[in-house]
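> So here's upload-v6.cif (mmCIF, C-alpha atoms and all ligand atoms).
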data_my_file
loop_
_atom_site.label_atom_id
_atom_site.label_comp_id
_atom_site.auth_asym_id
_atom_site.auth_seq_id
_atom_site.Cartn_x
_atom_site.Cartn_y
_atom_site.Cartn_z
CA MET A 1392 7.76 55.30 52.10
CA PHE A 1393 3.97 55.50 52.06
CA TRP A 1394 1.68 58.29 50.96
CA GLU A 1395 -1.28 56.76 52.81
CA LYS A 1396 0.13 53.93 54.89
CA ASP A 1397 -3.21 52.87 56.43
CA ILE A 1398 -4.80 52.33 53.06
CA GLU A 1399 -1.78 51.00 51.18
CA THR A 1400 -0.98 48.34 53.78
CA MET A 1401 -4.54 47.65 54.88
CA ASP A 1402 -5.23 44.10 56.01
CA VAL A 1403 -6.59 42.15 53.03
CA SER A 1404 -9.87 41.20 54.71
CA GLU A 1405 -10.42 44.83 55.71
CA LEU A 1406 -9.64 45.89 52.15
CA ARG A 1407 -12.27 43.48 50.82
CA GLU A 1408 -14.80 44.87 53.30
CA LEU A 1409 -14.02 48.40 52.19
CA GLN A 1410 -14.46 47.28 48.58
CA LEU A 1411 -17.83 45.69 49.32
CA ASP A 1412 -18.99 48.77 51.14
CA ARG A 1413 -17.96 51.00 48.25
CA LEU A 1414 -19.35 48.59 45.66
CA ARG A 1415 -22.81 48.80 47.25
CA THR A 1416 -22.63 52.59 47.22
CA ILE A 1417 -21.47 52.76 43.62
CA LEU A 1418 -24.16 50.33 42.44
CA ILE A 1419 -26.82 52.51 44.05
CA ARG A 1420 -25.27 55.61 42.55
CA ALA A 1421 -25.19 53.97 39.11
CA ASN A 1422 -28.96 53.65 39.30
CA ALA A 1423 -29.07 57.42 38.82
CA THR A 1424 -27.54 57.10 35.34
CA PRO A 1425 -29.83 56.73 32.33
CA TYR A 1426 -27.83 53.73 31.12
CA TYR A 1427 -27.54 51.59 34.26
CA SER A 1428 -31.06 52.33 35.53
CA GLN A 1429 -32.35 50.83 32.30
CA ILE A 1430 -30.04 47.78 32.66
CA TYR A 1431 -31.17 47.23 36.28
CA LYS A 1432 -34.78 47.26 35.10
CA GLN A 1433 -34.10 44.87 32.23
CA ILE A 1434 -32.43 42.24 34.38
CA GLY A 1435 -34.39 42.88 37.56
CA PHE A 1436 -31.33 43.86 39.56
CA ASP A 1437 -31.62 45.47 42.97
CA PRO A 1438 -28.33 46.89 44.33
CA SER A 1439 -29.51 46.37 47.91
CA ASP A 1440 -29.41 42.59 47.31
CA VAL A 1441 -25.62 42.66 46.96
CA LYS A 1442 -24.09 40.64 49.80
CA SER A 1443 -20.59 39.90 48.50
CA LEU A 1444 -18.10 41.11 45.90
CA ASP A 1445 -18.94 38.06 43.77
CA ASP A 1446 -22.50 39.34 43.34
CA ILE A 1447 -21.17 41.77 40.76
CA GLN A 1448 -20.99 38.85 38.37
CA GLY A 1449 -24.75 39.10 37.99
CA LEU A 1450 -24.29 42.34 36.09
CA PRO A 1451 -23.40 42.63 32.39
CA PHE A 1452 -20.08 44.05 31.19
CA THR A 1453 -19.82 47.60 29.96
CA SER A 1454 -17.73 48.21 26.86
CA LYS A 1455 -16.61 51.09 24.70
CA ASN A 1456 -19.62 50.40 22.47
CA GLU A 1457 -22.09 51.24 25.22
CA LEU A 1458 -20.13 54.39 26.03
CA ARG A 1459 -20.38 55.38 22.36
CA GLU A 1460 -24.05 54.50 22.02
CA HIS A 1461 -24.98 56.53 25.07
CA TYR A 1462 -22.75 59.44 24.17
CA PRO A 1463 -22.47 62.00 25.60
CA TYR A 1464 -24.36 62.01 28.90
CA GLY A 1465 -25.90 58.53 29.25
CA PHE A 1466 -23.51 57.50 32.03
CA LEU A 1467 -23.79 60.64 34.13
CA ALA A 1468 -24.83 60.02 37.74
CA VAL A 1469 -24.99 63.66 38.83
CA PRO A 1470 -26.61 66.78 37.38
CA ARG A 1471 -24.49 68.25 34.58
CA ASP A 1472 -23.64 71.35 36.61
CA GLU A 1473 -21.76 69.26 39.18
CA ILE A 1474 -19.30 68.20 36.48
CA VAL A 1475 -16.09 70.23 36.39
CA ARG A 1476 -14.00 68.37 33.82
CA MET A 1477 -14.30 66.27 30.69
CA HIS A 1478 -11.66 63.97 29.25
CA SER A 1479 -11.70 61.72 26.24
CA SER A 1480 -9.98 58.64 24.93
CA SER A 1481 -7.86 59.01 21.84
CA GLY A 1482 -10.66 57.56 19.72
CA THR A 1483 -8.71 56.56 16.65
CA THR A 1484 -11.84 55.19 15.03
CA GLY A 1485 -15.34 56.56 15.17
CA ARG A 1486 -16.77 58.57 18.01
CA PRO A 1487 -14.46 59.16 20.97
CA THR A 1488 -15.53 58.08 24.43
CA VAL A 1489 -15.92 60.85 26.96
CA VAL A 1490 -15.51 60.73 30.71
CA PHE A 1491 -16.78 63.30 33.21
CA HIS A 1492 -15.48 64.22 36.66
CA THR A 1493 -16.85 66.11 39.62
CA MET A 1494 -14.55 68.21 41.80
CA ARG A 1495 -14.30 65.33 44.24
CA ASP A 1496 -13.38 62.94 41.39
CA ILE A 1497 -10.56 65.25 40.32
CA ASP A 1498 -9.23 65.51 43.91
CA ASN A 1499 -9.40 61.77 44.32
CA TRP A 1500 -7.64 61.18 41.02
CA ALA A 1501 -4.85 63.61 41.94
CA ASN A 1502 -4.45 61.73 45.21
CA LEU A 1503 -4.12 58.39 43.42
CA VAL A 1504 -1.40 59.75 41.16
CA ALA A 1505 0.35 61.29 44.18
CA ARG A 1506 0.15 57.95 45.98
CA SER A 1507 1.59 56.20 42.92
CA ILE A 1508 4.57 58.43 42.28
CA TYR A 1509 5.33 58.87 45.99
CA MET A 1510 5.48 55.07 46.16
CA ALA A 1511 8.07 55.14 43.36
CA GLY A 1512 10.13 57.63 45.37
CA ALA A 1513 9.09 61.08 44.14
CA ARG A 1514 9.31 63.79 46.82
CA ARG A 1515 8.52 67.49 47.10
CA SER A 1516 12.18 68.35 46.50
CA ASP A 1517 11.94 66.88 42.99
CA VAL A 1518 11.62 68.94 39.84
CA PHE A 1519 9.12 67.20 37.61
CA GLN A 1520 8.98 67.62 33.86
CA ASN A 1521 5.76 66.39 32.33
CA THR A 1522 6.25 65.64 28.63
CA MET A 1523 2.83 64.03 28.18
CA GLY A 1524 0.09 65.69 26.18
CA TYR A 1525 -2.14 68.15 28.05
CA GLY A 1526 -5.73 68.42 26.93
CA LEU A 1527 -8.35 65.76 26.40
CA PHE A 1528 -5.74 63.04 26.90
CA THR A 1529 -5.50 62.24 30.63
CA GLY A 1530 -1.72 61.69 30.82
CA GLY A 1531 -0.74 65.35 31.09
CA LEU A 1532 -3.25 66.79 33.54
CA GLY A 1533 -3.47 63.56 35.55
CA PHE A 1534 0.21 63.59 36.46
CA HIS A 1535 0.28 67.37 36.74
CA TYR A 1536 -2.25 67.47 39.58
CA GLY A 1537 -0.71 64.45 41.32
CA ALA A 1538 2.80 65.91 41.26
CA GLU A 1539 1.57 69.26 42.55
CA LYS A 1540 -0.21 67.49 45.36
CA ILE A 1541 3.11 66.07 46.53
CA GLY A 1542 4.54 69.57 46.26
CA MET A 1543 6.98 68.96 43.43
CA MET A 1544 7.84 71.82 41.12
CA VAL A 1545 6.07 70.94 37.88
CA ILE A 1546 7.30 71.95 34.43
CA PRO A 1547 4.29 71.37 32.15
CA SER A 1548 6.43 71.09 29.04
CA GLY A 1549 4.00 68.86 27.15
CA PRO A 1550 5.16 66.70 24.25
CA GLY A 1551 7.50 67.55 21.41
CA ASN A 1552 10.10 70.28 20.96
CA SER A 1553 12.85 67.88 21.95
CA GLN A 1554 15.72 70.32 22.17
CA ARG A 1555 13.75 72.54 24.50
CA GLN A 1556 12.94 69.49 26.67
CA ILE A 1557 16.66 68.95 27.16
CA VAL A 1558 17.32 72.65 27.77
CA PHE A 1559 14.63 72.61 30.49
CA MET A 1560 16.19 69.53 32.07
CA GLN A 1561 19.53 71.28 32.21
CA GLU A 1562 18.41 74.73 33.29
CA PHE A 1563 15.89 73.71 35.94
CA ASP A 1564 17.67 70.57 37.17
CA THR A 1565 14.79 68.24 36.35
CA THR A 1566 14.99 65.10 38.49
CA ALA A 1567 11.78 63.29 37.51
CA ILE A 1568 10.09 62.98 34.16
CA HIS A 1569 6.85 61.56 32.78
CA ILE A 1570 7.42 60.28 29.29
CA LEU A 1571 6.28 57.83 26.62
CA PRO A 1572 8.83 55.00 26.46
CA SER A 1573 9.31 55.47 22.72
CA TYR A 1574 9.85 59.19 23.22
CA ALA A 1575 12.42 58.53 25.95
CA LEU A 1576 14.41 56.54 23.40
CA HIS A 1577 13.90 59.17 20.73
CA LEU A 1578 15.27 61.87 23.06
CA LEU A 1579 18.52 59.90 23.32
CA ASP A 1580 19.18 60.72 19.66
CA VAL A 1581 18.62 64.38 20.39
CA PHE A 1582 21.05 64.25 23.32
CA GLU A 1583 23.57 62.78 20.90
CA GLU A 1584 22.95 65.47 18.29
CA LEU A 1585 23.61 68.09 20.97
CA SER A 1586 26.76 66.22 22.07
CA LEU A 1587 25.29 65.81 25.54
CA ASP A 1588 25.40 62.76 27.79
CA PRO A 1589 22.05 62.01 29.47
CA LYS A 1590 23.94 60.26 32.28
CA LYS A 1591 26.12 63.22 33.16
CA ASP A 1592 24.73 66.41 31.73
CA VAL A 1593 21.28 66.30 33.34
CA LYS A 1594 20.20 65.47 36.90
CA LEU A 1595 17.37 63.06 36.04
CA ARG A 1596 16.95 60.29 38.61
CA MET A 1597 13.57 58.78 37.76
CA ALA A 1598 11.07 58.39 34.94
CA PHE A 1599 7.43 57.39 34.90
CA ILE A 1600 6.74 55.58 31.69
CA GLY A 1601 3.37 54.53 30.36
CA ALA A 1602 0.55 55.14 27.86
CA GLU A 1603 1.96 52.60 25.40
CA PRO A 1604 2.70 48.90 25.99
CA HIS A 1605 6.42 48.30 26.30
CA SER A 1606 8.68 45.40 27.15
CA GLU A 1607 10.91 44.87 30.17
CA GLU A 1608 13.85 45.13 27.78
CA MET A 1609 12.66 48.59 26.72
CA ARG A 1610 12.56 49.68 30.37
CA LYS A 1611 16.10 48.38 30.93
CA LYS A 1612 17.29 50.24 27.86
CA ILE A 1613 15.81 53.49 29.20
CA GLU A 1614 17.23 52.93 32.68
CA ASP A 1615 20.72 52.12 31.38
CA SER A 1616 20.87 54.89 28.81
CA TYR A 1617 19.87 57.61 31.28
CA ASP A 1618 21.17 55.93 34.44
CA ILE A 1619 17.79 56.35 36.16
CA ASP A 1620 14.97 54.28 37.64
CA ALA A 1621 11.99 53.91 35.33
CA PHE A 1622 8.57 52.98 36.73
CA ASN A 1623 5.71 51.52 34.79
CA SER A 1624 2.46 53.45 34.98
CA TYR A 1625 -0.94 52.08 33.99
CA GLY A 1626 -4.26 53.78 33.56
CA LEU A 1627 -7.06 54.46 31.13
CA SER A 1628 -9.27 57.47 30.65
CA GLU A 1629 -12.44 55.47 31.34
CA MET A 1630 -11.28 54.86 34.93
CA CYS A 1631 -9.64 58.25 35.47
CA GLY A 1632 -6.36 58.11 33.58
CA PRO A 1633 -2.97 57.42 35.15
CA GLY A 1634 -3.17 56.36 38.81
CA VAL A 1635 -5.06 53.08 38.36
CA ALA A 1636 -2.01 50.87 38.89
CA PHE A 1637 1.67 51.65 39.39
CA GLU A 1638 4.97 49.99 40.13
CA CYS A 1639 6.53 50.11 43.57
CA PRO A 1640 10.33 50.06 44.06
CA GLU A 1641 10.28 46.26 43.62
CA LYS A 1642 9.48 46.85 39.91
CA ASN A 1643 7.72 43.53 39.74
CA GLY A 1644 4.13 44.13 38.77
CA LEU A 1645 1.90 47.16 39.29
CA HIS A 1646 -0.15 47.61 42.46
CA VAL A 1647 -3.78 48.12 41.49
CA TRP A 1648 -5.37 50.63 43.89
CA GLU A 1649 -8.06 48.26 45.02
CA ASP A 1650 -9.70 50.76 47.35
CA ASN A 1651 -10.72 52.58 44.16
CA PHE A 1652 -10.99 49.88 41.54
CA LEU A 1653 -12.43 46.40 41.61
CA ILE A 1654 -10.39 44.27 39.22
CA GLU A 1655 -11.56 41.11 37.44
CA ILE A 1656 -9.67 39.12 34.80
CA ILE A 1657 -11.83 37.40 32.19
CA ASP A 1658 -11.31 35.20 29.20
CA PRO A 1659 -12.06 37.65 26.35
CA GLN A 1660 -13.67 34.89 24.26
CA THR A 1661 -15.86 33.04 26.77
CA LEU A 1662 -16.19 36.03 29.15
CA LYS A 1663 -15.64 33.63 32.06
CA LEU A 1664 -13.83 34.84 35.15
CA LEU A 1665 -10.22 33.62 35.42
CA PRO A 1666 -8.38 32.87 38.65
CA ASP A 1667 -5.44 35.00 39.83
CA GLY A 1668 -2.31 34.20 37.86
CA GLU A 1669 -4.03 33.49 34.56
CA GLU A 1670 -3.74 35.91 31.72
CA GLY A 1671 -6.87 37.52 30.35
CA GLU A 1672 -8.67 40.80 29.78
CA ILE A 1673 -8.75 43.29 32.64
CA VAL A 1674 -12.22 44.40 33.75
CA PHE A 1675 -12.61 47.29 36.18
CA THR A 1676 -15.41 48.68 38.28
CA THR A 1677 -14.97 52.18 39.70
CA LEU A 1678 -15.48 52.01 43.45
CA ASN A 1679 -15.07 55.64 44.33
CA ARG A 1680 -16.42 57.83 41.57
CA GLU A 1681 -19.24 60.34 41.68
CA GLY A 1682 -19.67 61.75 38.20
CA MET A 1683 -19.58 58.67 36.06
CA PRO A 1684 -19.58 55.25 37.71
CA LEU A 1685 -18.60 52.39 35.42
CA ILE A 1686 -19.46 48.80 36.21
CA ARG A 1687 -17.43 45.88 34.87
CA TYR A 1688 -15.76 47.95 32.19
CA ARG A 1689 -13.90 45.86 29.60
CA THR A 1690 -10.52 47.50 29.05
CA ARG A 1691 -9.36 45.27 26.13
CA ASP A 1692 -5.98 45.23 27.93
CA LEU A 1693 -4.45 41.83 28.57
CA ALA A 1694 -2.61 41.09 31.82
CA ARG A 1695 -2.67 38.79 34.82
CA ILE A 1696 -2.77 39.24 38.57
CA TYR A 1697 0.19 38.32 40.77
CA PRO A 1698 -1.56 36.87 43.81
CA ASP A 1699 1.41 36.62 46.18
CA PRO A 1700 2.18 39.42 48.64
CA CYS A 1701 4.67 42.11 47.63
CA PRO A 1702 7.84 42.55 49.72
CA CYS A 1703 7.13 46.30 49.87
CA GLY A 1704 4.31 45.67 52.34
CA ARG A 1705 1.45 46.98 50.23
CA THR A 1706 -1.52 44.63 50.23
CA HIS A 1707 -3.16 45.81 47.01
CA ARG A 1708 -2.68 43.07 44.46
CA ARG A 1709 -0.30 43.54 41.56
CA MET A 1710 -1.01 43.12 37.87
CA SER A 1711 1.56 42.26 35.24
CA ARG A 1712 2.64 44.84 32.69
CA ILE A 1713 0.08 44.77 29.92
CA LYS A 1714 0.88 42.62 26.96
CA GLY A 1715 -1.09 44.86 24.68
CA ARG A 1716 -4.66 45.65 23.84
CA ASP A 1717 -6.74 42.82 22.60
CA ASP A 1718 -7.07 44.92 19.42
CA ASP A 1719 -3.24 45.10 19.05
CA MET A 1720 -2.97 41.39 18.47
CA LEU A 1721 -1.60 40.57 15.05
CA ILE A 1722 -2.48 37.42 13.18
CA ILE A 1723 0.31 36.59 10.79
CA LYS A 1724 0.25 33.38 8.78
CA GLY A 1725 -2.41 32.20 11.19
CA VAL A 1726 -0.22 32.78 14.24
CA ASN A 1727 -1.25 35.18 17.01
CA MET A 1728 1.35 37.62 18.26
CA PHE A 1729 1.76 40.96 19.96
CA PRO A 1730 4.10 43.72 18.79
CA ILE A 1731 5.64 43.74 22.27
CA GLN A 1732 6.98 40.21 21.71
CA ILE A 1733 8.90 41.39 18.67
CA GLU A 1734 10.21 44.32 20.66
CA THR A 1735 11.41 41.97 23.39
CA ALA A 1736 13.50 40.07 20.86
CA LEU A 1737 14.84 43.22 19.17
CA MET A 1738 15.96 44.87 22.39
CA LYS A 1739 18.42 42.06 23.02
CA PHE A 1740 20.68 43.31 20.23
CA PRO A 1741 22.98 46.15 21.25
CA GLU A 1742 24.00 46.64 17.60
CA ILE A 1743 20.62 48.03 16.62
CA GLY A 1744 18.91 51.30 17.45
CA ARG A 1745 15.74 51.98 19.32
CA ASN A 1746 13.52 52.66 16.41
CA TYR A 1747 11.76 49.88 14.61
CA GLN A 1748 8.69 49.17 12.52
CA ILE A 1749 6.71 46.00 11.94
CA ILE A 1750 5.52 45.88 8.34
CA LEU A 1751 2.88 43.44 7.15
CA GLU A 1752 2.27 42.84 3.48
CA THR A 1753 0.53 40.36 1.25
CA VAL A 1754 2.94 38.74 -1.16
CA GLY A 1755 1.27 36.28 -3.52
CA HIS A 1756 -1.69 35.64 -1.16
CA MET A 1757 0.70 35.05 1.75
CA ASP A 1758 1.36 37.27 4.73
CA GLU A 1759 4.86 38.57 4.87
CA LEU A 1760 6.37 39.97 8.04
CA THR A 1761 9.19 42.46 7.68
CA ILE A 1762 10.94 44.17 10.56
CA GLU A 1763 12.64 47.39 9.68
CA VAL A 1764 15.17 48.46 12.28
CA GLU A 1765 17.91 51.05 12.41
CA ILE A 1766 21.50 49.94 12.94
CA LEU A 1767 23.43 51.90 15.52
CA THR A 1768 26.89 51.97 13.99
CA PRO A 1769 27.42 51.44 10.29
CA ALA A 1770 29.88 48.66 9.44
CA ASP A 1771 32.16 48.46 6.39
CA ASP A 1772 31.90 44.73 6.02
CA MET A 1773 28.56 43.62 4.56
CA ARG A 1774 28.98 40.19 6.16
CA VAL A 1775 28.45 41.83 9.58
CA TYR A 1776 24.97 42.88 8.45
CA GLU A 1777 24.28 39.50 6.97
CA ARG A 1778 25.04 37.72 10.25
CA LEU A 1779 23.10 40.26 12.29
CA ARG A 1780 20.03 39.88 10.07
CA GLY A 1781 20.17 36.12 10.56
CA HIS A 1782 20.50 36.37 14.34
CA ILE A 1783 17.65 38.86 14.69
CA ALA A 1784 15.35 36.81 12.47
CA GLU A 1785 16.02 33.72 14.59
CA ALA A 1786 15.48 35.56 17.87
CA ILE A 1787 12.11 36.79 16.60
CA ARG A 1788 11.13 33.37 15.31
CA ASP A 1789 11.89 31.92 18.75
CA GLU A 1790 9.57 34.50 20.29
CA VAL A 1791 6.62 34.52 17.85
CA LEU A 1792 7.07 31.36 15.73
CA VAL A 1793 7.13 33.25 12.43
CA LYS A 1794 10.42 34.05 10.74
CA PRO A 1795 10.50 37.66 9.55
CA LYS A 1796 12.49 39.39 6.88
CA ILE A 1797 14.90 41.82 8.54
CA ASN A 1798 15.57 45.13 6.90
CA LEU A 1799 18.49 47.01 8.45
CA VAL A 1800 18.40 50.72 7.69
CA GLN A 1801 20.63 53.70 8.43
CA PRO A 1802 20.10 55.65 11.68
CA GLY A 1803 17.40 58.30 11.34
CA THR A 1804 15.60 56.55 8.44
CA ILE A 1805 12.44 55.54 10.30
CA LYS A 1806 10.12 58.45 10.86
CA ARG A 1807 10.00 59.57 14.50
CA ALA A 1808 6.68 60.14 16.18
CA GLU A 1809 6.48 62.74 18.89
CA GLY A 1810 3.24 61.21 20.14
CA LYS A 1811 2.67 57.50 20.52
CA ALA A 1812 5.06 55.58 18.27
CA VAL A 1813 3.67 53.95 15.13
CA ARG A 1814 5.08 50.44 15.41
CA VAL A 1815 2.88 48.47 13.05
CA VAL A 1816 2.25 49.24 9.40
CA ASP A 1817 -0.30 46.79 8.05
CA LYS A 1818 -0.47 46.96 4.25
CA ARG A 1819 -2.19 43.60 3.83
CA GLY A 1820 -5.01 43.61 1.35
CA LYS A 1821 -3.94 47.07 0.19
CA ASN A 1822 -1.32 46.11 -2.36
ZN ZN A 1901 5.08 46.48 46.12
#
Translate this file's structure into structure tokens.

Amino acid sequence: MFWEKDIETMDVSELRELQLDRLRTILIRANATPYYSQIYKQIGFDPSDVKSLDDIQGLPFTSKNELREHYPYGFLAVPRDEIVRMHSSSGTTGRPTVVFHTMRDIDNWANLVARSIYMAGARRSDVFQNTMGYGLFTGGLGFHYGAEKIGMMVIPSGPGNSQRQIVFMQEFDTTAIHILPSYALHLLDVFEELSLDPKKDVKLRMAFIGAEPHSEEMRKKIEDSYDIDAFNSYGLSEMCGPGVAFECPEKNGLHVWEDNFLIEIIDPQTLKLLPDGEEGEIVFTTLNREGMPLIRYRTRDLARIYPDPCPCGRTHRRMSRIKGRDDDMLIIKGVNMFPIQIETALMKFPEIGRNYQIILETVGHMDELTIEVEILTPADDMRVYERLRGHIAEAIRDEVLVKPKINLVQPGTIKRAEGKAVRVVDKRGKN
């Protein structure tokens, strides 16, 4: 059941003591970095004054901006030759952020991923196909090392080449897979093209899904279509990558590995700390990292903490699935919404396919929201479409308070992404 029972079920007060102990160490270690040593000087902070976990609130937040400004080595706490690995965030705009690991950091990270997937039920007898990108992105290598640590046979298939993915599943009896949720849905089409049934023709029993925000409905769709258990994985390259928080068999929130990460939830506007249960931006402090300690790192991810104990017996608090990045929030006709809310509404309709796009345009100075979605089975009677469009538009309006235009298109019309799915096309101000 447990990879490290002592740590996973540690008494809460002991866990807080361990956190405090590690926090003190990490704050001292951070003083060796060019960036934090300068901050400590500026605000007159002495790490040896720290008496409780709350004392961290005396320190400023660290954000992507600081990582960029002090690129590449401003956050390094060890000599460069102790670093064995570099990773980077996807960096869609401007300079990417880079993260460095010592050998011990890599071992520790692999252990966290092993702990996570073992918790979900992965065992050494499993055959694990890793369809995430290898390289600078942490998803591929992070899971690879963790799965090997458990002793699973790893197929480092990487992303794309969908037919080959299915051939591998069949020929090597893949039982566990790491996959983007949108790609898991995309693969269903490929199964269909090959006249194969993902429920019967492969031996998959579990999937680890992550790296893009997705709704509970999306998870259910994946579980039902493949007849598997799908577990939500959360991580970010600035912490390590996958292995920061993960779902246990209860599938009700993700246990944050609090022996390694100190979690705070803040109001992203006022930057005030929020109590457990309230939704806000996740802020993490690395408690167990050598190469590149990060203090109060603002993730831009929105979630809340479930304070009550989990029936599985683990004492590390759970966080909700993330609602999206702060930056993903759309403002349409003055109303705030997240793409995941639209997905939640869409997934309730069995008549429509898995692929959709949210299109934003300016029509006569006004925002217009159009949802383009593929129908699953073409109907002869146009009135069927008419009714369906009406029902979908209402379901979305109930969820986000703005009524969209619904554009039903033939299966295969919306361009498939083999990486992260492009869900939002914002043409406002461009036409
Ligand atoms: Zn649990």
> Excluding range 1621-1628 of chain A and any residue of its chain fewer than 6 positions from it, enumerate the residues within 6 Å of it, using only C-alpha atoms, and give them as JSON, numbers by chain.
{"A": [1480, 1597, 1598, 1599, 1600, 1601, 1614, 1634, 1635, 1636, 1637, 1638]}
> So which residues touch range 1697-1708 of chain A within 6 Å, counting only C-alpha atoms, skipping near sequence neighbours fewer than 5 positions away, as a list in words?
Glu1399, Thr1400, His1646, Val1647, Glu1649, Asp1667 and Gly1668 of chain A
> For Val1764 in chain A, list every protein, DNA or RNA residue within 10 Å, evaluated using all atoms listed in the file, and leave out those in the same chain fewer than 3 positions away; present the list as a list in words.
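Close residues of Val1764 in chain A: Leu1737, Ile1743, Gly1744, Arg1745, Asn1746, Tyr1747, Gln1748, Ile1749, Thr1761, Leu1767, Ile1797, Asn1798, Leu1799, Val1800, Gln1801, Pro1802, Thr1804 and Ile1805 of chain A.
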> Give me, please, the distance in Å between CA of Gly1465 in chain A and CA of Val1490 in chain A, quoted to one decimal.
10.7 Å
> For range 1503-1519 of chain A, what centre and edge lengths in Å (one decimal) does the axis-aligned box get once 3 Å is added on each side of all its listed atoms, as JSON?

{"center_x": 4.0, "center_y": 62.0, "center_z": 42.4, "size_x": 22.3, "size_y": 19.9, "size_z": 15.5}
> Measuring atom to atom with all atoms listed in the file, identify which of A:Pro1640, A:Pro1604, A:Pro1487, A:Gly1526 is nearest to ligand ZN 1901 (chain A).
A:Pro1640
> For Ile1696 in chain A, which residue out of A:Ser1616, A:Thr1676, A:Asn1651, A:Asn1643 is the nearest one, using only C-alpha atoms?
A:Asn1643
> How many Å separate CA of His1461 in chain A from CA of Ile1654 in chain A?
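CA of Ile1654 in chain A lies 23.7 Å from CA of His1461 in chain A.
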> Skipping near chain neighbours, those fewer than 6 positions away, what residues fall within 10 Å of Phe1519 in chain A using all atoms listed in the file, listed as an MDAnalysis selection string?
chainID A and resid 1513 1534:1535 1538:1539 1543:1548 1560 1563:1569 1595 1597:1598
> For ligand ZN 1901 (chain A), which residue among A:Arg1709, A:Lys1432, A:Arg1476, A:Lys1806 is the nearest when counting all atoms listed in the file?
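The closest residue to ligand ZN 1901 (chain A) is A:Arg1709.
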